[in-house]
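Worksheet: one structure, shown below.
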Amino acid sequence: MRQPLALLFFFFLTTQLTAQVKLTPHFEALLGQAGLEFITPVEARYRPARTARAPFQQYDFAMRSRLEKLEVRYIVKPYDATSPLDELPQLSAFRLVTHLATNEEDYVISERELSPDVLAQDFNADWGRQYFFHPKPHFADARHCELLALHKAGRGTAFVLFLFDEPSRELGNRFYALRFEEDRPRKQ
């Protein structure tokens with residue numbers, strides 16, 4: 001009887017438990033360039049999600065949790081002074097939403113402006129919007145998508161896409177997925 005218990009105890013000691021999602025070097029570099037903090041989910045066993053070879057929409061990082069039945073994809077656009085779109089985050093966000101949302105007549109796109117207090121306190125951002133829509137099947141298998149768009153002048157724009165079949169409390173827990181760092185020189 002002691003032998004199986006000792007074996008089980010040894011198994012738990014030698015098993016590596018990871019509490020954080022491992023980011024790719026490319027994604028970490030983009031976060032640094034845009035001056036963004038990644039808020040790591042430490043529960044629900046998030047794992048990096050596999051990216052498609054030729055995705056309908058490129059994204060920089062994706063993670064998923066089977067427990068929460070949620071996939072989160074990130075697109076980070078560091079500021080580029082030569083790009084006119086970098087000064088118009090509302091146009092970039094709307095273009096992305098209309099590209100990803102289904103064209104079915106019965107579905108609508110909902111948009112909600114984030115309050116200045118929420119933007120300043122929770123995201124350290126200058127501009128932000130939240131969109132809800134049904135994604136095109138070429139983009140995701142999920143029935144619903146919530147897009148969080150954040151922008152900080154001189155830093156960049158970030159898009160966080162939450163893909164799910166049924167809304168849940170966990171979705172609200174993941175809303176604070178990125179935050180612009182306090183003002184300081186950008187990393188090159």
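By order in the structure tokens, chains are A, B, ...; within a chain, residues start at 1; ligands start at 1, following the order shown.
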Test item: residues at most 10 Å from region 79-81 of chain A, only C-alpha atoms, excluding those fewer than 3 positions along its chain, as a short mmCIF file (atom, residue, chain, number, x, y, z; two decimals) with C-alpha atoms, in the first residue's frame:
```
data_model
loop_
_atom_site.label_atom_id
_atom_site.label_comp_id
_atom_site.auth_asym_id
_atom_site.auth_seq_id
_atom_site.Cartn_x
_atom_site.Cartn_y
_atom_site.Cartn_z
CA GLN A 33 7.50 48.07 -28.84
CA ALA A 34 3.94 49.20 -28.08
CA GLY A 35 4.59 49.58 -24.35
CA VAL A 76 -0.63 44.34 -31.65
CA PRO A 84 -1.67 57.38 -41.46
CA LEU A 85 -3.89 54.67 -39.93
CA ASP A 86 -1.87 54.75 -36.71
CA GLU A 87 -3.51 58.09 -35.90
CA HIS A 151 -5.08 52.78 -28.48
CA LYS A 152 -2.47 55.04 -26.92
CA ALA A 153 -1.05 57.93 -28.93
CA GLY A 154 2.58 57.38 -29.83
CA ARG A 155 2.49 53.78 -28.57
CA GLY A 156 0.15 51.84 -30.82
CA THR A 157 -3.12 49.97 -31.09
#
```
For Leu150 (chain A), list every protein, DNA or RNA residue within 10 Å, evaluated using only C-alpha atoms, and leave out those in the same chain fewer than 6 positions away; present the list as a PyMOL selection string. chain A and resi 76+89-90+93+114+119+123-130+156-160+178-180
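Take CA of Arg45 (chain A) and CA of Gly172 (chain A): the distance between them is 16.8 Å.
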Counting only C-alpha atoms, which residue out of A:Arg174, A:Lys77, A:His99, A:Arg47 sits closest to Phe139 (chain A)?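 Nearest candidate to Phe139 (chain A) out of A:Arg174, A:Lys77, A:His99, A:Arg47: A:His99.
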Based on DSSP run over this structure's backbone, return all residues of region 28-142 of chain A in strand (DSSP E or B), as JSON, numbers by chain. {"A": [36, 37, 38, 47, 48, 61, 62, 63, 64, 65, 70, 71, 72, 73, 74, 75, 76, 77, 78, 101, 110, 111, 112, 113, 127, 128, 129, 130, 131, 132, 133, 135]}
How would the residues just picked look written out with C-alpha atoms as a PDB file, in the first residue's frame?
```pdb
ATOM      1  CA  LEU A  36       1.934  47.033 -23.401  1.00  0.00           C
ATOM      2  CA  GLU A  37       1.652  44.825 -20.336  1.00  0.00           C
ATOM      3  CA  PHE A  38       0.222  41.343 -20.859  1.00  0.00           C
ATOM      4  CA  ARG A  47      -2.344  27.166 -23.249  1.00  0.00           C
ATOM      5  CA  PRO A  48      -1.025  28.725 -26.440  1.00  0.00           C
ATOM      6  CA  PHE A  61      -0.610  35.342 -30.334  1.00  0.00           C
ATOM      7  CA  ALA A  62      -3.498  33.100 -29.317  1.00  0.00           C
ATOM      8  CA  MET A  63      -4.320  31.110 -26.207  1.00  0.00           C
ATOM      9  CA  ARG A  64      -7.201  28.921 -25.202  1.00  0.00           C
ATOM     10  CA  SER A  65      -8.763  27.333 -22.166  1.00  0.00           C
ATOM     11  CA  LEU A  70     -12.675  30.531 -24.498  1.00  0.00           C
ATOM     12  CA  GLU A  71      -9.998  31.395 -27.053  1.00  0.00           C
ATOM     13  CA  VAL A  72      -8.236  34.748 -26.933  1.00  0.00           C
ATOM     14  CA  ARG A  73      -6.321  36.149 -29.924  1.00  0.00           C
ATOM     15  CA  TYR A  74      -4.128  39.227 -29.884  1.00  0.00           C
ATOM     16  CA  ILE A  75      -3.158  41.664 -32.626  1.00  0.00           C
ATOM     17  CA  VAL A  76      -0.629  44.344 -31.646  1.00  0.00           C
ATOM     18  CA  LYS A  77       0.258  47.251 -33.931  1.00  0.00           C
ATOM     19  CA  PRO A  78       3.133  49.326 -32.505  1.00  0.00           C
ATOM     20  CA  ALA A 101     -17.896  39.745 -38.854  1.00  0.00           C
ATOM     21  CA  SER A 110     -22.761  46.047 -31.570  1.00  0.00           C
ATOM     22  CA  GLU A 111     -20.317  48.723 -30.479  1.00  0.00           C
ATOM     23  CA  ARG A 112     -19.728  50.220 -27.045  1.00  0.00           C
ATOM     24  CA  GLU A 113     -17.426  53.098 -26.208  1.00  0.00           C
ATOM     25  CA  TRP A 127      -9.152  55.506 -26.853  1.00  0.00           C
ATOM     26  CA  GLY A 128     -11.045  52.241 -26.641  1.00  0.00           C
ATOM     27  CA  ARG A 129     -14.064  50.415 -28.005  1.00  0.00           C
ATOM     28  CA  GLN A 130     -15.736  47.096 -27.449  1.00  0.00           C
ATOM     29  CA  TYR A 131     -17.465  45.277 -30.310  1.00  0.00           C
ATOM     30  CA  PHE A 132     -19.698  42.195 -30.326  1.00  0.00           C
ATOM     31  CA  PHE A 133     -20.389  40.198 -33.484  1.00  0.00           C
ATOM     32  CA  PRO A 135     -17.371  35.862 -36.725  1.00  0.00           C
TER      33      PRO A 135
END
```
Between A:Gln121, A:Asn173, A:Ser168, A:Ser92, which one has atoms that come closest to Ala149 (chain A), using only C-alpha atoms? A:Ser92
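For region 32-114 of chain A, backbone-based DSSP assignment of alpha helix (DSSP H) covers Gly32, Gln33, Ala34, Pro89, Gln90, Leu91, Ser92, Ala93, Phe94, Arg95, Leu96, Val97, Thr98, His99 and Leu100 of chain A.
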